[in-house]
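A short worksheet on the structure shown next.
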Protein chains: 2
Amino acid sequence: MSKKNVTIKTIAQELGISISTVSRALKNNPRIGAETRERVMKLAEEFNYIPNPTALNLQNRRTNLLGLVVPTLEEDFFSHIVSGVERIASQNGFHLIINQSRDSMLTEKEIIQSYISSKVDGIMISVAADTSDYSHFVKVQNLEIPLVFYDRIPRNFPSNKVKSEILHGAVEAINFLFHRNKRKIALLNGPSNLQVSDDRLNGYLEAVKSLGLRTSPQYIKTTDFSREDTALKMEEFIAMGEDRPDAIVCFNDYVALHAIRACLEHSVVPNRDISFVSFANIGICEFIENRPAASVEQYPVKIGTESARLLLESIQEGESGRFREIRVETRLVIHAD
Amino acid sequence: MSKKNVTIKTIAQELGISISTVSRALKNNPRIGAETRERVMKLAEEFNYIPNPTALNLQNRRTNLLGLVVPTLEEDFFSHIVSGVERIASQNGFHLIINQSRDSMLTEKEIIQSYISSKVDGIMISVAADTSDYSHFVKVQNLEIPLVFYDRIPRNFPSNKVKSEILHGAVEAINFLFHRNKRKIALLNGPSNLQVSDDRLNGYLEAVKSLGLRTSPQYIKTTDFSREDTALKMEEFIAMGEDRPDAIVCFNDYVALHAIRACLEHSVVPNRDISFVSFANIGICEFIENRPAASVEQYPVKIGTESARLLLESIQEGESGRFREIRVETRLVIHAD
DNA sequence: AATTAATGCGCAAACCTTTGCACAAAATTA
DNA sequence: TAATTTTGTGCAAAGGTTTGCGCATTAATT
C-alpha cells in the first residue's frame, strides 16, 4: 500500500511523464489534460502520496510554525493561555511549538535563538520574571519575525501586546471592598520588576484616590510568591495594630491563599477581620473554604486566543510596522456573600 | 548588520568563491585552506549567517519535531506532563509541537494526520476518551514513525507505553482505608472505556480480595467526571442505608471533591461518615478543608519526562521493533490524620 | 490554405545545503 | 627533471516541490 518514500518523482517515473506535469496535475492546473490528471490523481491516491512539507517550506520560505514561550506550564493561568493559543493555531493550520523559560532570562534567550534558527513564522512570549535586557527581542524584530507579548509585557518596548484589563479589575475589586465598608485597604503585590505588578499598583492607587481612602507606603508590600515571603509580609500587616488593614488586594489567588493561611495561624479571621480579594480566579477556589471573598477573572484562554489571532494577523500583513495592543476584559467574581 | 536573507550563496558571491567552499569552510573541513576559512568565517559572522534549517531538514530527512497529543491542557495533570516532556525535548534539541484532542477521536485523527504530513520525528499521545478505532495508530506504525502512548493507553495495542503504577496506588489507598477500620469500601471510577479506569478497578478488586473485604456490583460505580453525574452516583451511595459504604476510592481528586460536596449537601460528614481517597494529588488540596483523606500522587512531570526519553530512544534506535513499557511510581500522600 | 489561438506537456531554475568526484596547482619524492 | 602526492577549490547531484518559459501538436479563425 503505502510505499516508503513516495514523491512526485516516483509518480512521474511510474507514469512516464515529467515531474512538473505531476505537480500541476495534483494542483488541478488547467493546462493539464483531463486524462493525464486522472491518471496522476489515481496513482497518487494509490501510492498514498503526501507532499513533503519540508520541501514546501523551502519553497515558500514559511515553516507553518508558531513559537510560544511561557514562563511555566505548571501554573493553571499559563496552561490555560496555551490552550487558547493551541485552538487558534490549529484552526489556522499552524503548528504550535512550546517552550518554558522557567523564569530565566538566559533560557528565554536560548529559546528565542532556537526559534530564529528554526525560522518560525511568529513568536508569542510572556517574559521571564528576571528579564531585564531586551536585545533578543530587538533581534527578532530586526529579522522582521512577527512578535506578540502577552500578559507579562516588557516596559517601554514597542510591539504587539495582549494584556488583561488589570487596572480595571483592580478598581472593581477595591470598589467591592469599599461597598463592604472596608476603608483600610492594602496591597500585597508581586515583584516590582513585573509590569503586571505595576498595573495592579496603578489600579490600587487610582481606586484608593478616587474613593478618598488613605493609604501609605506601609500598605503596599510585595511578595516573591513563596509561601514564606507571603507569610512574612502578612505578619507585618497583622502586627500594625491600630493601622492594621481591614482588606488586602493580593497579586493572585495563590498569594491570597497563602496570606489567608497566615491569618489563620495568627487567629485573624479572613474575610471578617481582614477581607481578601485577588486576581486570576482559579476554578478550584470553588472547593476552598477560606478563599478570597472575590477574585478578578482574567479569562486566560481568551488571552491565548487573542494573542494567537493578533500574531496571525501580523504574519498575514507582513509586519507592516504598526503595532497593536489588545486588552482582554476582566470581571470580578464574588465568592463570599 | 543582519541582512535580509543571508545564505552561503551570499557569502560565496561576496568572496568570489564557490558555495561548496563556503559550506566546507563553515564546517571546518580540513581540505579548505586556513586563509579561506578565515575569510569565510569572518564574513559569516559579519553577515549574521544562520544555516537554513529547512534546507537541512530536507537533506537529512529529519524535522527535529516531536508531536504531543494531549486530551486537554486545561487540567493540571496533563499540563504537568507537558512540562516534563518539554524539558526533555528541549534538552535534546527537539522542538515540541502540541495539540489538544479535546477528547474527540475525530480531532485526534486529524492531529495524527497532520503530524504525518509534517513528518514529525516521533509522536506521544494520550488517547481521547472516545477513541475506539486504532487505524490512525496503525498508520503511524506502518510509516515507522516512533510512537509512545502515555497515561491513557489503548487496550491490546502493541506499542511503547508509559503508565502510572495505578494498580499499586489503588492497593495502597485501600490498605490505608483498611487500617483506619473501613470495611465497606466502594469505588467511584471513571468511564469504563478508559484503560486507566480498568487499572483502578483491578487494583480495587485485588486489594478488596486480599483483605477479605466484601464488595458488590453496587459498590462499583462510574462517573463521566461531571459535577452532576458525580453527585448522582454519590446520592445512590448515600441512599444505600445499612450497606452504605464507609469509604470511597475516587477516580481523581476532582471527582472526590465533587463527591465530598455531594456529601455535605446531604449532611454526611466526609472522612468521618464516609472516607475518601483518590488519585492525582493536585497540589491545591493543601488549601482545601474538605478534601480526600489521602491521594495517590502520580508524578505527572515524571510521566512526561519518561515518555520523552522513551520516544527519543525509539528515534535513535530507528524503531527496532521492540516495544518498551515503563511504569512510573505512585505514592499515597496522606492529607488528614 | 495559411495564419493564429489554444492545448498539453517538459526543461530548468529557484528555494538552501551537503558531499562525492574531479581538476588544477603546488609541494614532495624518486 | 619527471612522476607522485598533497592541498585547495569547483562542479554537479541530491533532497522535493513549484513555476515561468518554451516547444510542439491540434483546433479554430479568416
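Going through the C-alpha cells in order, the chains are called A, B, and so on, while each chain numbers its residues from 1 and the ligands are numbered from 1 in the order shown.
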For this session: Give me the residues within 7 Å of Tyr204 of chain B as number ranges by chain, counting only C-alpha atoms (C1' of nucleotides) and dropping any in the same chain fewer than 3 places off.
Result: B: 170-171, 200-201, 207-208
Can I get the selected residues back with C-alpha atoms, as a PDB file, in the first residue's frame?
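Produced file part-v6.pdb, reproduced below:
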ATOM      1  CA  ALA B 170      -5.053   1.619  44.402  1.00  0.00           C
ATOM      2  CA  VAL B 171      -3.891  -1.180  46.649  1.00  0.00           C
ATOM      3  CA  ARG B 200      -8.194   1.370  39.253  1.00  0.00           C
ATOM      4  CA  LEU B 201     -10.842  -1.299  39.113  1.00  0.00           C
ATOM      5  CA  ALA B 207      -6.999  -5.171  47.341  1.00  0.00           C
ATOM      6  CA  VAL B 208     -10.517  -5.922  48.406  1.00  0.00           C
TER       7      VAL B 208
END
For this session: Please identify all polymer residues within 9 Å of DT7 of chain D, counting only C-alpha atoms (C1' of nucleotides), omitting same-chain residues fewer than 3 positions from it, and present them as a PyMOL selection string.
Result: (chain B and resi 31-33) or (chain C and resi 25-27)
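Counting from atom CA of Asp133 of chain B, the distance to atom CA of Val196 of chain B is 17.4 Å.
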For this session: Identify all residues of segment 148-220 of chain B in strand (DSSP E) (DSSP on the backbone) and supply them as JSON, numbers by chain.
Result: {"B": [148, 149, 150, 160, 161, 162, 163, 164, 185, 186, 187, 188, 189, 220]}
For this session: For atom CA of Arg87 of chain A and atom CA of Gly318 of chain A, quote the distance in Å rounded to one decimal.
Result: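 Taking atom CA of Arg87 of chain A as the start and atom CA of Gly318 of chain A as the end point, the length is 22.3 Å.
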Exercise. Can you list, as a ChimeraX atom specification, every residue of segment 60-174 of chain B that DSSP puts in alpha helix (DSSP H)?
Worked result: /B:60,76-91,105-117,135-142,166-174
Considering only C-alpha atoms (C1' of nucleotides), tabulate each residue of chain C that lies at most 10 Å from chain A along with its nearest interatomic pair and the corresponding distance in Å to one decimal; arrange the rows by chain and ascending residue number and present them as CSV.
residue,atom,partner,partner_atom,distance
C:DT7,C1',A:Arg31,CA,7.1
C:DG8,C1',A:Ile32,CA,6.0
C:DC9,C1',A:Thr21,CA,6.7
C:DG10,C1',A:Ser18,CA,6.3
C:DC11,C1',A:Ser20,CA,9.4
C:DA14,C1',A:Gln59,CA,8.1
C:DC15,C1',A:Gln59,CA,4.8
C:DC16,C1',A:Leu58,CA,7.6
For this session: Give as a list in words every residue of chain D that touches chain A within 9 Å, counting only C-alpha atoms (C1' of nucleotides).
Result: DG15, DG16, DT17, DT18 and DT19 of chain D
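If only C-alpha atoms are the atoms counted, then among A:Ile88, A:Val82, A:Ala186, A:Val138 the closest residue to chain B is A:Val82.
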Exercise. For the atom pair atom CA of Asn99 of chain A and atom CA of Lys161 of chain B, what is the interatomic distance in Å to one decimal place?
Worked result: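 Taking atom CA of Asn99 of chain A and atom CA of Lys161 of chain B, their separation equals 24.0 Å.
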Problem set entry | Test item: chain B residues at most 9 Å from chain A, counting only C-alpha atoms, as a ChimeraX atom specification | /B:2-4,50-55,57-58,61,63,65,72-76,79-80,82-83,86-87,90,93,95-100,111,114,116-119,142-143,257-258,261,284-285,287-291
Using N, CA and C atoms, can you write the selected residues to a file as a compact mmCIF listing (two decimals), in the first residue's frame?
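Listed below is the output, result02.txt:
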# COMPACT_ATOMS: atom_id res chain seq x y z
N SER B 2 22.37 42.68 10.20
CA SER B 2 21.83 41.42 9.72
C SER B 2 21.04 41.62 8.43
N LYS B 3 21.64 41.18 7.32
CA LYS B 3 20.96 41.34 6.04
C LYS B 3 19.70 40.51 5.98
N LYS B 4 18.96 40.70 4.90
CA LYS B 4 17.68 40.05 4.84
C LYS B 4 17.75 38.54 4.85
N ILE B 50 22.84 32.39 9.35
CA ILE B 50 22.23 31.25 10.03
C ILE B 50 21.87 30.22 8.98
N PRO B 51 22.39 29.00 9.12
CA PRO B 51 22.03 27.97 8.13
C PRO B 51 20.53 27.75 8.11
N ASN B 52 19.99 27.64 6.96
CA ASN B 52 18.54 27.45 6.83
C ASN B 52 18.15 26.05 7.28
N PRO B 53 17.38 25.99 8.37
CA PRO B 53 17.05 24.68 8.94
C PRO B 53 16.20 23.84 8.00
N THR B 54 15.37 24.51 7.23
CA THR B 54 14.50 23.76 6.32
C THR B 54 15.33 23.01 5.29
N ALA B 55 16.33 23.69 4.77
CA ALA B 55 17.19 23.04 3.78
C ALA B 55 17.90 21.85 4.43
N ASN B 57 16.83 20.10 6.97
CA ASN B 57 15.85 19.04 7.16
C ASN B 57 15.62 18.27 5.88
N LEU B 58 15.57 19.01 4.80
CA LEU B 58 15.36 18.37 3.50
C LEU B 58 16.48 17.38 3.24
N ARG B 61 16.39 14.44 6.03
CA ARG B 61 15.09 13.78 6.18
C ARG B 61 14.67 13.70 7.64
N THR B 63 13.05 16.32 10.94
CA THR B 63 12.46 17.64 11.15
C THR B 63 12.79 18.20 12.52
N LEU B 65 11.20 17.61 15.03
CA LEU B 65 9.91 17.92 15.63
C LEU B 65 9.36 16.69 16.34
N THR B 72 -6.39 17.43 26.98
CA THR B 72 -6.68 18.83 27.28
C THR B 72 -5.49 19.45 27.99
N LEU B 73 -5.33 20.74 27.81
CA LEU B 73 -4.28 21.46 28.53
C LEU B 73 -4.84 22.14 29.76
N GLU B 74 -6.15 22.04 29.90
CA GLU B 74 -6.79 22.77 30.99
C GLU B 74 -6.95 21.93 32.24
N GLU B 75 -6.17 20.86 32.31
CA GLU B 75 -6.15 20.08 33.53
C GLU B 75 -4.72 19.98 34.01
N ASP B 76 -4.57 20.25 35.28
CA ASP B 76 -3.29 20.19 35.93
C ASP B 76 -2.48 18.96 35.57
N SER B 79 -1.14 19.21 32.00
CA SER B 79 -0.18 20.29 31.73
C SER B 79 1.15 20.02 32.44
N HIS B 80 1.08 19.29 33.54
CA HIS B 80 2.34 18.91 34.20
C HIS B 80 3.09 17.88 33.37
N VAL B 82 3.00 17.73 30.15
CA VAL B 82 3.59 18.52 29.07
C VAL B 82 4.88 19.18 29.53
N SER B 83 4.83 19.68 30.75
CA SER B 83 6.02 20.34 31.30
C SER B 83 7.22 19.39 31.30
N GLU B 86 8.41 18.78 27.72
CA GLU B 86 9.12 19.95 27.19
C GLU B 86 10.57 19.98 27.67
N ARG B 87 10.76 19.68 28.93
CA ARG B 87 12.12 19.72 29.47
C ARG B 87 13.05 18.79 28.70
N SER B 90 13.55 19.83 24.87
CA SER B 90 14.45 20.95 24.57
C SER B 90 15.87 20.64 25.00
N GLY B 93 17.44 19.14 22.02
CA GLY B 93 17.44 19.87 20.75
C GLY B 93 16.24 19.59 19.86
N HIS B 95 12.17 20.27 18.95
CA HIS B 95 11.04 21.16 19.18
C HIS B 95 9.82 20.32 19.47
N LEU B 96 9.00 20.85 20.36
CA LEU B 96 7.81 20.11 20.76
C LEU B 96 6.58 20.78 20.19
N ILE B 97 5.82 20.07 19.41
CA ILE B 97 4.57 20.66 18.96
C ILE B 97 3.40 19.98 19.66
N ILE B 98 2.46 20.81 20.08
CA ILE B 98 1.40 20.34 20.97
C ILE B 98 0.02 20.53 20.38
N ASN B 99 -0.81 19.53 20.57
CA ASN B 99 -2.21 19.68 20.18
C ASN B 99 -3.14 19.02 21.18
N GLN B 100 -4.32 19.60 21.31
CA GLN B 100 -5.33 19.04 22.20
C GLN B 100 -6.36 18.27 21.38
N ILE B 111 -5.22 15.36 14.00
CA ILE B 111 -3.91 15.76 14.52
C ILE B 111 -2.84 14.79 14.05
N SER B 114 -1.98 15.30 10.57
CA SER B 114 -1.15 16.50 10.35
C SER B 114 0.28 16.23 10.79
N ILE B 116 1.74 13.33 10.55
CA ILE B 116 2.32 12.52 9.49
C ILE B 116 2.72 13.42 8.32
N SER B 117 1.83 14.31 7.96
CA SER B 117 2.12 15.21 6.84
C SER B 117 3.35 16.07 7.13
N SER B 118 3.47 16.46 8.39
CA SER B 118 4.60 17.32 8.75
C SER B 118 5.87 16.52 8.97
N LYS B 119 5.75 15.23 8.85
CA LYS B 119 6.91 14.37 9.03
C LYS B 119 7.61 14.60 10.37
N ASN B 142 2.98 1.89 10.57
CA ASN B 142 3.36 1.45 9.22
C ASN B 142 4.39 2.38 8.60
N LEU B 143 4.26 3.64 8.91
CA LEU B 143 5.22 4.61 8.37
C LEU B 143 6.50 4.61 9.19
N LEU B 257 -13.65 15.66 45.12
CA LEU B 257 -14.15 16.95 45.61
C LEU B 257 -15.64 17.10 45.32
N HIS B 258 -16.04 16.71 44.13
CA HIS B 258 -17.46 16.76 43.81
C HIS B 258 -18.26 15.81 44.70
N ARG B 261 -18.60 17.21 48.11
CA ARG B 261 -19.60 18.27 48.17
C ARG B 261 -21.01 17.69 48.21
N ILE B 284 -3.24 21.87 45.03
CA ILE B 284 -4.13 22.83 45.65
C ILE B 284 -4.88 22.25 46.85
N CYS B 285 -4.94 20.94 46.92
CA CYS B 285 -5.65 20.29 48.03
C CYS B 285 -5.15 20.81 49.37
N PHE B 287 -4.93 23.57 50.38
CA PHE B 287 -5.76 24.67 50.88
C PHE B 287 -7.20 24.28 51.13
N ILE B 288 -7.53 23.06 50.79
CA ILE B 288 -8.93 22.68 50.84
C ILE B 288 -9.27 21.97 52.15
N GLU B 289 -10.30 22.44 52.77
CA GLU B 289 -10.74 21.91 54.04
C GLU B 289 -11.26 20.48 53.86
N ASN B 290 -12.30 20.39 53.07
CA ASN B 290 -12.95 19.10 52.85
C ASN B 290 -12.36 18.40 51.64
N ARG B 291 -11.24 17.79 51.89
CA ARG B 291 -10.50 17.13 50.79
C ARG B 291 -10.46 15.64 51.06
For this session: Just the residues within 12 Å of DT4 of chain D, please, counting only C-alpha atoms (C1' of nucleotides), with nothing from its chain fewer than 2 positions along; format it as a list in words.
Result: DA27, DT28, DT29 and DA30 of chain C; DA2 and DT6 of chain D
